[in-house]
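Shown next: run.cif, containing mmCIF, C-alpha atoms.
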```cif
data_my_file
#
loop_
_atom_site.label_atom_id
_atom_site.label_comp_id
_atom_site.auth_asym_id
_atom_site.auth_seq_id
_atom_site.Cartn_x
_atom_site.Cartn_y
_atom_site.Cartn_z
CA MET A 101 1.38 -38.05 -29.78
CA ARG A 102 -1.86 -39.32 -31.31
CA ILE A 103 -1.45 -37.15 -34.38
CA GLU A 104 1.95 -38.65 -35.08
CA LEU A 105 0.47 -42.12 -34.87
CA GLY A 106 -2.16 -41.17 -37.45
CA GLN A 107 0.47 -39.85 -39.81
CA SER A 108 2.65 -42.96 -39.62
CA GLY A 109 -0.51 -44.97 -40.33
CA THR A 110 -1.02 -43.14 -43.63
CA ALA A 111 2.40 -44.17 -44.92
CA SER A 112 1.74 -47.89 -44.69
CA ARG A 113 -1.83 -47.84 -45.98
CA GLY A 114 -3.04 -46.69 -49.39
CA HIS A 115 -4.65 -43.42 -50.55
CA ALA A 116 -8.18 -44.32 -49.52
CA SER A 117 -7.30 -44.95 -45.89
CA SER A 118 -4.99 -41.89 -45.73
CA GLY A 119 -8.02 -39.56 -46.17
CA ARG A 120 -9.87 -41.30 -43.37
CA SER A 121 -6.94 -41.23 -40.95
CA LEU A 122 -6.33 -37.56 -41.81
CA ALA A 123 -9.95 -36.86 -40.89
CA ARG A 124 -9.50 -38.85 -37.70
CA GLY A 125 -6.35 -36.87 -36.93
CA LEU A 126 -8.17 -33.60 -37.51
CA THR A 127 -11.01 -34.71 -35.25
CA ILE A 128 -8.54 -35.47 -32.48
CA VAL A 129 -6.86 -32.08 -32.92
CA CYS A 130 -10.22 -30.33 -32.79
CA LEU A 131 -11.33 -32.30 -29.74
CA GLY A 132 -8.00 -31.50 -28.10
CA ALA A 133 -8.50 -27.78 -28.78
CA VAL A 134 -12.01 -27.88 -27.35
CA ALA A 135 -10.75 -29.77 -24.31
CA MET A 136 -8.03 -27.16 -23.80
CA LEU A 137 -10.61 -24.38 -24.05
CA LEU A 138 -12.83 -26.15 -21.55
CA PHE A 139 -10.17 -27.15 -19.04
CA GLY A 140 -7.45 -24.57 -19.76
CA CYS A 141 -8.83 -22.00 -17.35
CA ARG A 142 -7.40 -23.38 -14.16
CA LEU A 143 -6.77 -21.09 -11.21
CA ASP A 144 -4.20 -23.11 -9.33
CA MET A 145 -1.42 -20.67 -10.26
CA HIS A 146 -3.57 -17.75 -9.18
CA LEU A 147 -4.45 -19.42 -5.89
CA GLN A 148 -1.38 -21.32 -4.87
CA PRO A 149 -1.42 -23.56 -1.80
CA LYS A 150 0.54 -21.09 0.33
CA TYR A 151 -0.41 -18.47 2.88
CA LEU A 152 0.17 -14.83 2.04
CA PRO A 153 -0.05 -12.27 4.86
CA TYR A 154 -3.39 -12.28 6.70
CA GLN A 155 -4.83 -15.03 4.53
CA PRO A 156 -7.42 -16.99 6.47
CA THR A 157 -7.26 -20.74 7.00
CA ASP A 158 -9.76 -23.31 8.16
CA PHE A 159 -7.02 -25.43 9.69
CA PHE A 160 -6.91 -23.50 12.97
CA ALA A 161 -10.00 -22.82 15.04
CA ASP A 162 -9.51 -19.04 15.07
CA GLY A 163 -9.18 -18.94 11.28
CA ARG A 164 -5.73 -17.29 11.30
CA SER A 165 -2.89 -18.64 9.21
CA GLU A 166 -0.45 -16.44 11.13
CA ARG A 167 0.24 -17.97 14.51
CA GLN A 168 1.16 -16.26 17.75
CA PRO A 169 4.33 -17.55 19.34
CA ILE A 170 3.72 -19.75 22.36
CA PRO A 171 3.84 -17.50 25.47
CA GLY A 172 7.36 -17.31 26.84
CA THR A 173 9.15 -18.15 23.60
CA ILE A 174 11.75 -15.74 22.29
CA ALA A 175 12.65 -15.71 18.63
CA ARG A 176 16.35 -15.84 17.77
CA GLY A 177 17.76 -12.32 17.79
CA GLN A 178 14.84 -10.92 19.75
CA LEU A 179 16.11 -11.35 23.28
CA ARG A 180 15.60 -7.88 24.68
CA LEU A 181 18.21 -7.59 27.40
CA ASP A 182 19.05 -3.92 26.88
CA GLU A 183 16.84 -2.41 29.54
CA LEU A 184 17.55 1.19 28.54
CA PHE A 185 16.88 0.64 24.84
CA TYR A 186 13.78 -1.54 25.19
CA ALA A 187 12.22 -0.28 28.42
CA GLY A 188 13.60 3.25 28.82
CA ARG A 189 14.81 2.34 32.29
CA GLU A 190 18.09 1.75 34.08
CA ASN A 191 17.99 -0.58 37.10
CA GLY A 192 14.22 -0.15 37.13
CA VAL A 193 14.36 3.67 37.24
CA VAL A 194 13.09 5.76 34.31
CA SER A 195 16.20 7.04 32.59
CA ASN A 196 16.99 10.48 31.24
CA LYS A 197 19.59 9.07 28.83
CA PHE A 198 19.28 8.24 25.16
CA PRO A 199 20.54 4.72 24.39
CA PHE A 200 22.32 6.01 21.27
CA PRO A 201 23.70 9.43 20.32
CA ILE A 202 21.06 11.58 18.61
CA THR A 203 22.17 13.14 15.34
CA ARG A 204 20.47 15.59 13.02
CA ALA A 205 19.30 12.64 10.89
CA ASP A 206 17.69 11.06 13.97
CA LEU A 207 15.85 14.30 14.73
CA ASP A 208 14.57 14.51 11.15
CA ARG A 209 13.39 10.93 11.33
CA GLY A 210 11.85 11.64 14.74
CA ARG A 211 9.95 14.59 13.32
CA GLU A 212 8.67 12.51 10.42
CA ARG A 213 7.51 9.70 12.74
CA TYR A 214 6.03 12.21 15.20
CA ASN A 215 4.04 13.82 12.40
CA VAL A 216 2.69 10.43 11.32
CA TYR A 217 1.81 8.81 14.64
CA CYS A 218 1.48 11.55 17.26
CA THR A 219 -0.04 14.58 15.55
CA PRO A 220 -3.61 13.19 15.32
CA CYS A 221 -3.88 13.93 19.06
CA HIS A 222 -0.79 15.88 20.16
CA ASP A 223 -0.79 18.16 17.06
CA TYR A 224 2.25 19.43 15.19
CA THR A 225 3.45 21.68 18.02
CA GLY A 226 2.76 19.33 20.92
CA THR A 227 0.02 21.31 22.67
CA GLY A 228 -2.42 18.38 22.55
CA ARG A 229 -5.06 19.90 20.29
CA GLY A 230 -4.84 17.56 17.32
CA MET A 231 -7.64 16.74 14.90
CA ILE A 232 -8.87 13.69 16.86
CA VAL A 233 -9.00 15.77 20.05
CA GLN A 234 -11.06 18.33 18.17
CA ARG A 235 -13.40 15.48 17.28
CA GLY A 236 -13.92 14.48 20.90
CA PHE A 237 -10.92 12.48 22.09
CA PRO A 238 -9.87 13.47 25.64
CA GLN A 239 -7.19 16.14 25.39
CA PRO A 240 -3.69 15.01 26.35
CA PRO A 241 -1.50 17.36 28.37
CA SER A 242 0.69 19.78 26.45
CA TYR A 243 4.38 18.85 26.23
CA HIS A 244 5.13 22.39 27.34
CA ILE A 245 3.83 22.10 30.90
CA GLN A 246 6.49 22.05 33.61
CA ARG A 247 5.83 18.44 34.64
CA LEU A 248 6.59 17.14 31.15
CA ARG A 249 9.50 19.54 30.62
CA ASP A 250 11.07 18.02 33.73
CA ALA A 251 10.17 14.44 32.77
CA PRO A 252 13.08 12.20 31.74
CA VAL A 253 13.19 11.11 28.07
CA GLY A 254 12.65 7.53 29.19
CA HIS A 255 9.18 8.60 30.33
CA PHE A 256 8.14 9.50 26.77
CA TYR A 257 9.64 6.26 25.49
CA GLU A 258 7.74 4.32 28.13
CA VAL A 259 4.43 6.02 27.33
CA MET A 260 4.82 5.22 23.63
CA THR A 261 5.73 1.62 24.45
CA ASN A 262 3.08 0.81 27.06
CA GLY A 263 0.44 3.48 26.56
CA PHE A 264 -0.72 5.89 29.24
CA GLY A 265 -4.22 6.73 30.44
CA VAL A 266 -6.50 6.58 27.41
CA MET A 267 -3.52 6.45 25.03
CA TYR A 268 -2.97 2.96 23.65
CA SER A 269 0.43 1.37 23.20
CA TYR A 270 2.26 2.28 19.99
CA ALA A 271 4.75 -0.57 20.34
CA ALA A 272 3.19 -2.43 17.42
CA ARG A 273 3.31 0.62 15.18
CA ILE A 274 6.65 2.28 15.99
CA GLU A 275 9.97 0.47 16.30
CA PRO A 276 12.00 1.01 19.48
CA ALA A 277 14.71 3.13 17.79
CA ASP A 278 12.04 5.35 16.23
CA ARG A 279 10.35 5.74 19.61
CA TRP A 280 13.62 7.16 20.92
CA ARG A 281 13.88 9.49 17.94
CA ILE A 282 10.33 10.71 18.58
CA ALA A 283 11.25 11.29 22.23
CA ALA A 284 14.20 13.35 21.00
CA TYR A 285 11.92 15.36 18.74
CA ILE A 286 9.57 16.03 21.67
CA ARG A 287 12.59 17.56 23.37
CA VAL A 288 13.06 19.73 20.25
CA LEU A 289 9.44 20.88 20.46
CA GLN A 290 9.89 21.72 24.14
CA LEU A 291 13.06 23.63 23.45
CA SER A 292 11.41 25.57 20.63
CA ARG A 293 9.19 27.36 23.14
CA ASN A 294 11.86 28.08 25.69
CA ALA A 295 14.94 28.96 23.71
CA THR A 296 16.74 32.27 24.15
CA VAL A 297 19.03 33.96 21.70
CA GLN A 298 21.93 32.66 23.80
CA ASP A 299 21.02 29.10 22.77
CA VAL A 300 21.75 29.93 19.15
CA PRO A 301 25.38 29.23 18.13
CA ALA A 302 27.42 32.46 17.98
CA ASP A 303 27.97 32.35 14.21
CA GLU A 304 24.27 31.87 13.54
CA ARG A 305 23.23 34.50 16.07
CA GLN A 306 24.46 37.34 13.87
CA ASN A 307 22.34 36.02 11.03
CA LEU A 308 19.27 35.76 13.26
CA THR A 309 19.46 39.29 14.71
CA GLN A 310 19.98 40.64 11.23
CA GLN A 311 16.85 38.88 10.00
CA SER A 312 14.68 40.13 12.84
CA ALA A 313 16.03 43.66 12.33
CA GLU A 314 15.08 43.45 8.67
CA GLN A 315 11.62 42.20 9.55
CA SER A 316 10.95 44.98 12.05
CA GLN A 317 11.89 47.65 9.56
CA MET B 1410 -24.37 -30.24 -66.33
CA PRO B 1411 -26.61 -27.46 -64.95
CA GLN B 1412 -25.37 -24.96 -62.41
CA ILE B 1413 -26.06 -26.22 -58.94
CA PHE B 1414 -26.13 -22.76 -57.44
CA HIS B 1415 -28.07 -19.87 -58.86
CA ARG B 1416 -26.12 -16.65 -59.62
CA SER B 1417 -27.79 -14.90 -56.69
CA THR B 1418 -25.91 -17.17 -54.27
CA ASN B 1419 -22.71 -15.29 -55.18
CA MET B 1420 -24.09 -12.46 -53.14
CA ILE B 1421 -24.63 -14.74 -50.17
CA SER B 1422 -21.14 -16.17 -50.38
CA ARG B 1423 -19.60 -12.69 -50.56
CA PHE B 1424 -21.71 -11.60 -47.66
CA THR B 1425 -20.62 -14.56 -45.54
CA ILE B 1426 -16.92 -14.13 -46.39
CA TYR B 1427 -16.82 -10.41 -45.53
CA GLY B 1428 -19.35 -10.93 -42.77
CA ALA B 1429 -17.05 -13.49 -41.14
CA VAL B 1430 -14.26 -10.91 -40.98
CA VAL B 1431 -16.59 -8.39 -39.37
CA ILE B 1432 -18.04 -10.93 -36.97
CA ILE B 1433 -14.63 -12.20 -35.87
CA GLY B 1434 -13.46 -8.60 -35.43
CA ALA B 1435 -16.57 -7.71 -33.46
CA LEU B 1436 -16.16 -10.79 -31.28
CA GLY B 1437 -12.55 -9.85 -30.60
CA TYR B 1438 -13.55 -6.33 -29.66
CA ALA B 1439 -16.36 -7.60 -27.46
CA LEU B 1440 -13.95 -9.88 -25.59
CA TYR B 1441 -11.52 -6.98 -25.14
CA ALA B 1442 -14.30 -4.67 -23.95
CA ILE B 1443 -15.46 -7.28 -21.43
CA ALA B 1444 -11.89 -7.84 -20.21
CA MET B 1445 -11.42 -4.10 -19.67
CA SER B 1446 -14.82 -3.48 -18.14
CA PRO B 1447 -15.21 -2.86 -14.39
CA TRP B 1448 -17.57 -5.82 -14.35
CA TYR B 1449 -14.57 -8.05 -15.05
CA THR B 1450 -11.64 -6.08 -13.55
CA GLU B 1451 -13.60 -4.99 -10.47
CA GLN B 1452 -12.18 -1.53 -11.03
CA ASN B 1453 -14.16 1.32 -9.43
CA MET B 1454 -16.46 -1.11 -7.64
CA ALA B 1455 -16.76 -0.62 -3.89
CA ARG B 1456 -16.67 -3.83 -1.85
CA GLN B 1457 -18.86 -4.94 0.97
CA GLN B 1458 -16.86 -4.78 4.19
CA PRO B 1459 -17.71 -5.85 7.74
CA VAL B 1460 -17.47 -2.15 8.70
CA PRO B 1461 -18.15 0.59 6.13
CA PHE B 1462 -14.71 2.13 6.66
CA SER B 1463 -14.24 5.46 4.91
CA HIS B 1464 -10.81 6.46 3.69
CA ARG B 1465 -12.31 9.81 2.74
CA HIS B 1466 -13.12 10.51 6.37
CA HIS B 1467 -9.93 9.17 7.95
CA ALA B 1468 -7.25 10.03 5.40
CA GLY B 1469 -9.01 12.97 3.76
CA GLU B 1470 -11.02 14.91 6.32
CA LEU B 1471 -9.04 14.00 9.44
CA GLY B 1472 -5.69 14.01 7.65
CA ILE B 1473 -4.37 10.83 9.25
CA ASP B 1474 -1.20 9.70 7.48
CA CYS B 1475 -1.40 6.45 5.48
CA ARG B 1476 1.38 5.00 7.62
CA TYR B 1477 -0.58 5.47 10.85
CA CYS B 1478 -2.51 2.32 9.95
CA HIS B 1479 -0.49 0.78 7.10
CA THR B 1480 2.63 0.64 9.25
CA THR B 1481 4.73 -1.79 7.24
CA VAL B 1482 4.42 -0.10 3.86
CA GLU B 1483 7.97 1.29 4.06
CA LYS B 1484 9.73 -1.87 5.16
CA SER B 1485 7.76 -4.81 3.84
CA SER B 1486 6.22 -6.13 0.66
CA PHE B 1487 2.84 -5.88 2.36
CA ALA B 1488 1.48 -2.49 3.39
CA GLY B 1489 -0.33 -4.06 6.32
CA VAL B 1490 -3.96 -4.11 7.31
CA PRO B 1491 -4.13 -2.54 10.78
CA PRO B 1492 -4.92 -4.73 13.77
CA THR B 1493 -8.14 -3.93 15.62
CA GLN B 1494 -6.00 -2.29 18.31
CA THR B 1495 -5.23 0.52 15.84
CA CYS B 1496 -8.95 1.18 15.28
CA MET B 1497 -9.58 1.10 19.01
CA THR B 1498 -6.79 3.61 19.70
CA CYS B 1499 -9.36 6.29 18.83
CA HIS B 1500 -12.63 4.37 18.91
CA SER B 1501 -12.23 3.33 22.53
CA GLN B 1502 -13.11 6.99 23.16
CA ILE B 1503 -14.88 8.20 20.03
CA TRP B 1504 -18.18 6.86 18.62
CA THR B 1505 -18.26 4.28 21.41
CA ASN B 1506 -22.04 3.83 21.04
CA SER B 1507 -22.06 3.53 17.27
CA SER B 1508 -23.73 0.32 16.13
CA MET B 1509 -21.72 0.54 12.90
CA LEU B 1510 -18.55 -0.03 14.96
CA GLU B 1511 -19.89 -3.00 16.90
CA PRO B 1512 -17.91 -5.53 14.78
CA VAL B 1513 -14.72 -3.62 15.69
CA ARG B 1514 -15.49 -3.66 19.39
CA ALA B 1515 -16.48 -7.32 19.21
CA SER B 1516 -13.20 -8.12 17.48
CA TYR B 1517 -11.21 -6.34 20.20
CA ARG B 1518 -13.27 -7.82 23.02
CA ASP B 1519 -13.22 -11.42 21.82
CA ASN B 1520 -9.79 -11.41 20.14
CA THR B 1521 -11.26 -12.43 16.80
CA SER B 1522 -10.19 -11.18 13.40
CA LEU B 1523 -12.15 -8.67 11.39
CA ALA B 1524 -12.52 -10.34 8.00
CA TRP B 1525 -11.92 -7.45 5.60
CA THR B 1526 -12.44 -8.08 1.91
CA ARG B 1527 -9.27 -7.55 -0.10
CA VAL B 1528 -9.73 -4.74 -2.60
CA ASN B 1529 -6.39 -4.90 -4.41
CA ALA B 1530 -5.34 -8.52 -4.64
CA LEU B 1531 -2.78 -9.81 -7.12
CA PRO B 1532 -2.60 -13.38 -8.37
CA ASP B 1533 -0.26 -15.58 -6.33
CA PHE B 1534 2.29 -15.80 -9.17
CA VAL B 1535 3.02 -12.07 -8.92
CA TYR B 1536 5.65 -10.79 -6.54
CA PHE B 1537 4.94 -7.22 -5.55
CA ASP B 1538 6.79 -5.17 -2.93
CA HIS B 1539 5.32 -1.96 -1.53
CA SER B 1540 8.50 -0.83 0.21
CA ILE B 1541 10.62 -0.42 -2.91
CA HIS B 1542 7.88 1.52 -4.70
CA VAL B 1543 7.36 4.09 -1.96
CA ALA B 1544 11.14 4.35 -1.46
CA LYS B 1545 11.60 5.29 -5.12
CA GLY B 1546 9.01 8.03 -5.31
CA VAL B 1547 5.87 6.16 -6.40
CA GLY B 1548 3.03 7.70 -4.46
CA CYS B 1549 0.16 5.82 -2.82
CA THR B 1550 -2.42 7.50 -5.04
CA THR B 1551 -0.50 6.60 -8.20
CA CYS B 1552 -1.80 3.04 -7.93
CA HIS B 1553 -4.58 3.34 -5.36
CA GLY B 1554 -6.29 6.35 -6.93
CA GLN B 1555 -7.91 9.22 -5.06
CA ILE B 1556 -8.09 7.23 -1.87
CA ALA B 1557 -8.80 10.32 0.25
CA GLU B 1558 -11.99 10.83 -1.73
CA MET B 1559 -13.31 7.26 -1.43
CA PRO B 1560 -16.17 6.86 1.06
CA LEU B 1561 -15.94 3.12 0.45
CA THR B 1562 -12.73 1.69 -0.92
CA TYR B 1563 -12.54 0.50 -4.47
CA ARG B 1564 -9.84 -0.67 -6.83
CA ALA B 1565 -8.55 2.20 -8.95
CA GLY B 1566 -6.46 0.27 -11.48
CA THR B 1567 -7.13 -2.84 -13.53
CA LEU B 1568 -4.12 -4.60 -11.91
CA TYR B 1569 -3.41 -6.08 -15.34
CA MET B 1570 0.18 -6.79 -16.30
CA SER B 1571 -0.09 -4.11 -18.99
CA TRP B 1572 -1.06 -1.66 -16.26
CA CYS B 1573 2.11 -2.50 -14.30
CA LEU B 1574 4.30 -2.46 -17.39
CA ASP B 1575 2.93 0.87 -18.51
CA CYS B 1576 4.79 2.47 -15.61
CA HIS B 1577 7.73 0.05 -15.55
CA ARG B 1578 8.51 0.95 -19.16
CA GLN B 1579 8.50 4.67 -18.43
CA PRO B 1580 8.67 5.33 -14.68
CA GLU B 1581 9.14 9.09 -15.17
CA LYS B 1582 5.45 9.32 -16.06
CA ASN B 1583 4.47 8.76 -12.44
CA LEU B 1584 7.38 9.59 -10.13
CA ARG B 1585 6.98 12.28 -7.51
CA PRO B 1586 9.30 13.79 -4.88
CA LYS B 1587 9.73 11.46 -1.89
CA ALA B 1588 8.26 14.07 0.45
CA GLU B 1589 4.98 13.81 -1.46
CA VAL B 1590 4.68 10.01 -1.59
CA PHE B 1591 2.19 9.80 1.28
CA ASN B 1592 0.31 12.98 0.41
CA PRO B 1593 -3.15 11.81 -0.73
CA PHE B 1594 -3.89 15.22 -2.24
CA TYR B 1595 -0.73 15.43 -4.35
CA GLU B 1596 -1.22 16.88 -7.80
CA PRO B 1597 1.32 16.13 -10.50
CA PRO B 1598 2.92 19.16 -12.12
CA SER B 1599 0.91 20.81 -14.88
CA LYS B 1600 0.69 24.22 -16.54
CA HIS B 1601 -1.53 25.41 -13.71
CA HIS B 1602 0.27 23.71 -10.85
CA ALA B 1603 4.01 23.79 -10.26
CA VAL B 1604 5.74 21.18 -8.10
CA ALA B 1605 9.03 22.01 -6.39
CA PHE B 1606 11.87 19.52 -6.32
CA ASP B 1607 15.54 20.10 -5.59
CA GLY B 1608 15.14 23.88 -5.57
CA LYS B 1609 13.47 23.94 -8.97
CA GLU B 1610 9.85 24.39 -9.98
CA TYR B 1611 8.42 21.99 -12.52
CA THR B 1612 5.29 22.38 -14.61
CA ASP B 1613 5.90 19.27 -16.70
CA GLN B 1614 5.66 15.75 -15.26
CA LEU B 1615 8.09 14.19 -17.74
CA ALA B 1616 10.76 16.82 -17.10
CA MET B 1617 10.48 16.35 -13.34
CA GLY B 1618 10.14 12.59 -13.73
CA ARG B 1619 13.43 12.34 -15.65
CA GLU B 1620 15.15 14.40 -12.94
CA LEU B 1621 13.66 12.21 -10.17
CA ARG B 1622 14.55 9.04 -12.01
CA GLN B 1623 18.18 10.05 -12.10
CA GLU B 1624 18.19 11.32 -8.51
CA TYR B 1625 16.51 8.23 -7.03
CA ASN B 1626 18.24 5.81 -9.39
CA VAL B 1627 14.96 4.37 -10.64
CA GLN B 1628 15.42 1.49 -13.05
CA SER B 1629 13.00 0.42 -15.72
CA LEU B 1630 12.70 -3.22 -14.70
CA GLN B 1631 10.92 -5.30 -17.32
CA SER B 1632 12.50 -8.72 -16.98
CA CYS B 1633 9.94 -11.47 -16.33
CA SER B 1634 11.63 -12.50 -13.11
CA THR B 1635 11.27 -9.01 -11.63
CA CYS B 1636 7.67 -9.82 -10.78
CA HIS B 1637 7.35 -13.54 -11.50
CA ARG B 1638 9.76 -15.37 -9.23
#
```

For this file, write the structure as structure tokens.
Amino acid sequence: MRIELGQSGTASRGHASSGRSLARGLTIVCLGAVAMLLFGCRLDMHLQPKYLPYQPTDFFADGRSERQPIPGTIARGQLRLDELFYAGRENGVVSNKFPFPITRADLDRGRERYNVYCTPCHDYTGTGRGMIVQRGFPQPPSYHIQRLRDAPVGHFYEVMTNGFGVMYSYAARIEPADRWRIAAYIRVLQLSRNATVQDVPADERQNLTQQSAEQSQ
Amino acid sequence: MPQIFHRSTNMISRFTIYGAVVIIGALGYALYAIAMSPWYTEQNMARQQPVPFSHRHHAGELGIDCRYCHTTVEKSSFAGVPPTQTCMTCHSQIWTNSSMLEPVRASYRDNTSLAWTRVNALPDFVYFDHSIHVAKGVGCTTCHGQIAEMPLTYRAGTLYMSWCLDCHRQPEKNLRPKAEVFNPFYEPPSKHHAVAFDGKEYTDQLAMGRELRQEYNVQSLQSCSTCHR
């Protein structure tokens, strides 16, 4: 704006004053550039007045920008009425039913989640000799003992949800549906140690006996 | 009228004219070197943390999966810093007398937050989403470096826009099979190391990357509003 004013000034005055106002204009441009260099480095786009996850605040006494819901409040869509799905129980009794049909995809997902969250202690085969146990954590029981083979699936769901003994709750880490899929995969692990050739579908059985015959040769 | 300047001043004027070019060039290079230096980018510089947490020990030696602690990395923009409860899952039983872990126990006991120092923080005008990257075959170590070999955590990339765009322009340079995304010891295919994908063995990253890009439908997103929205 100021530069334009200087230029319009030159038109009305003579040659002598045009040189001076040009110099004045240049000075203003230079000062403007210096001012931009000095004040251009502002960080208010880098540090916007908003809270990203886990950002601290000095507004609340505990320093957390993320607030806990007031005890007893239920967020819309989070009313957990389905006792079987959310608690693993039916009428207060631990259930042996899955709340949804388990497919091959569920078992694969269950295995993946099991390998992430359970193997540090329970190990990949479920005998309870995982890496953390080897480093001194109390050993959990094997999934292959009779008591746990007879336990209803809801029991495993409940242990993951609420913790058991020295095992902490995994409710914050694993979603309810995934907890059921892990429970299903624990059943797979249990079956893997107690399957007979009769459990294999007839059309696959042929294949299996052939393979073992080839191996023994 | 006598010459104001002696002939020898020609030398000085030449020197200053060419010297100016060199000096401006050197200044430019110096600025670039400073901007790329770890002193400015904080790359490869371990941070002070309330607890000297070692990714090398937990993710490397013990083999704990990234997702055990960073639980939301597959479904949220934010990978998630674990709550103290996650630490105490093991440390309620292991190293219970360690003075190094006292801040963790204090946090759990008093329900106060452990104030970790962010290592990889983007400016607020950048939108970044972890979930889409891991879902499309970008591994943790692609951006976070050899995390399983870091005793103390440091930033592995510059986090500059050019660093992001380098991959966004040519994603096949860094893609890996989805099964390997969370493997901290993954090695990209090379002449000495073949990587299997889709029943084939690859010894060339670009060849495998092109295949993965097609398979996972990875787009090369370079529009401004992809990240600045």

Residue IDs satisfying the PyMOL selection byres ((chain B) within 7 of (chain A)), as a list of chain:residue names: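 Output of the PyMOL selection byres ((chain B) within 7 of (chain A)): B:Leu1471, B:Ile1473, B:Asp1474, B:Arg1476, B:Tyr1477, B:Thr1480, B:Thr1498, B:Gln1502, B:Ile1503, B:Pro1532, B:Asp1533, B:Phe1534.
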
If you take every atom of stretch 167-181 of chain A that the file lists and fit an axis-aligned box around them with 8 Å extra on each side, what centre and edge lengths come out in Å to one decimal, as JSON?
```
{"center_x": 9.2, "center_y": -13.7, "center_z": 21.0, "size_x": 34.0, "size_y": 28.2, "size_z": 28.9}
```

Chain and number of each residue from the PyMOL selection byres ((chain B and resi 1549) around 8), as number ranges by chain: B: 1543, 1547-1548, 1550-1554, 1590-1593

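Taking atom CA of B:Gly1546 as the reference point, atom CA of B:Gly1489 is found at 19.2 Å.
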
Atom-to-atom span, atom CA of A:Pro301 and atom CA of A:Arg204, Å: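 Atom CA of A:Pro301 sits 15.4 Å away from atom CA of A:Arg204.
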
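Atom CA of A:Phe198 is positioned 7.3 Å from atom CA of A:Val253.
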
N, CA and C atoms are what I want for stretch 1447-1458 of chain B; can you complete it accordingly and write them as a compact mmCIF listing (two decimals), in the frame of the given file?
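Done, and the output landed in out_12.txt:
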```
# COMPACT_ATOMS: atom_id res chain seq x y z
N PRO B 1447 -15.23 -2.73 -15.86
CA PRO B 1447 -15.21 -2.86 -14.39
C PRO B 1447 -15.93 -4.13 -13.94
N TRP B 1448 -16.87 -4.58 -14.73
CA TRP B 1448 -17.57 -5.82 -14.35
C TRP B 1448 -16.58 -6.96 -14.23
N TYR B 1449 -15.56 -6.97 -15.09
CA TYR B 1449 -14.57 -8.05 -15.05
C TYR B 1449 -13.35 -7.69 -14.19
N THR B 1450 -12.86 -6.46 -14.29
CA THR B 1450 -11.64 -6.08 -13.55
C THR B 1450 -11.93 -5.69 -12.11
N GLU B 1451 -13.19 -5.45 -11.80
CA GLU B 1451 -13.60 -4.99 -10.47
C GLU B 1451 -13.05 -3.61 -10.14
N GLN B 1452 -12.65 -2.89 -11.20
CA GLN B 1452 -12.18 -1.53 -11.03
C GLN B 1452 -13.37 -0.63 -10.69
N ASN B 1453 -13.13 0.34 -9.79
CA ASN B 1453 -14.16 1.32 -9.43
C ASN B 1453 -15.42 0.71 -8.81
N MET B 1454 -15.29 -0.50 -8.27
CA MET B 1454 -16.46 -1.11 -7.64
C MET B 1454 -16.18 -1.25 -6.15
N ALA B 1455 -16.96 -0.55 -5.34
CA ALA B 1455 -16.76 -0.62 -3.89
C ALA B 1455 -17.16 -1.99 -3.38
N ARG B 1456 -16.39 -2.50 -2.40
CA ARG B 1456 -16.67 -3.83 -1.85
C ARG B 1456 -17.50 -3.73 -0.59
N GLN B 1457 -18.19 -4.80 -0.31
CA GLN B 1457 -18.86 -4.94 0.97
C GLN B 1457 -17.81 -5.27 2.02
N GLN B 1458 -17.82 -4.54 3.11
CA GLN B 1458 -16.86 -4.78 4.19
C GLN B 1458 -17.63 -4.99 5.49
```
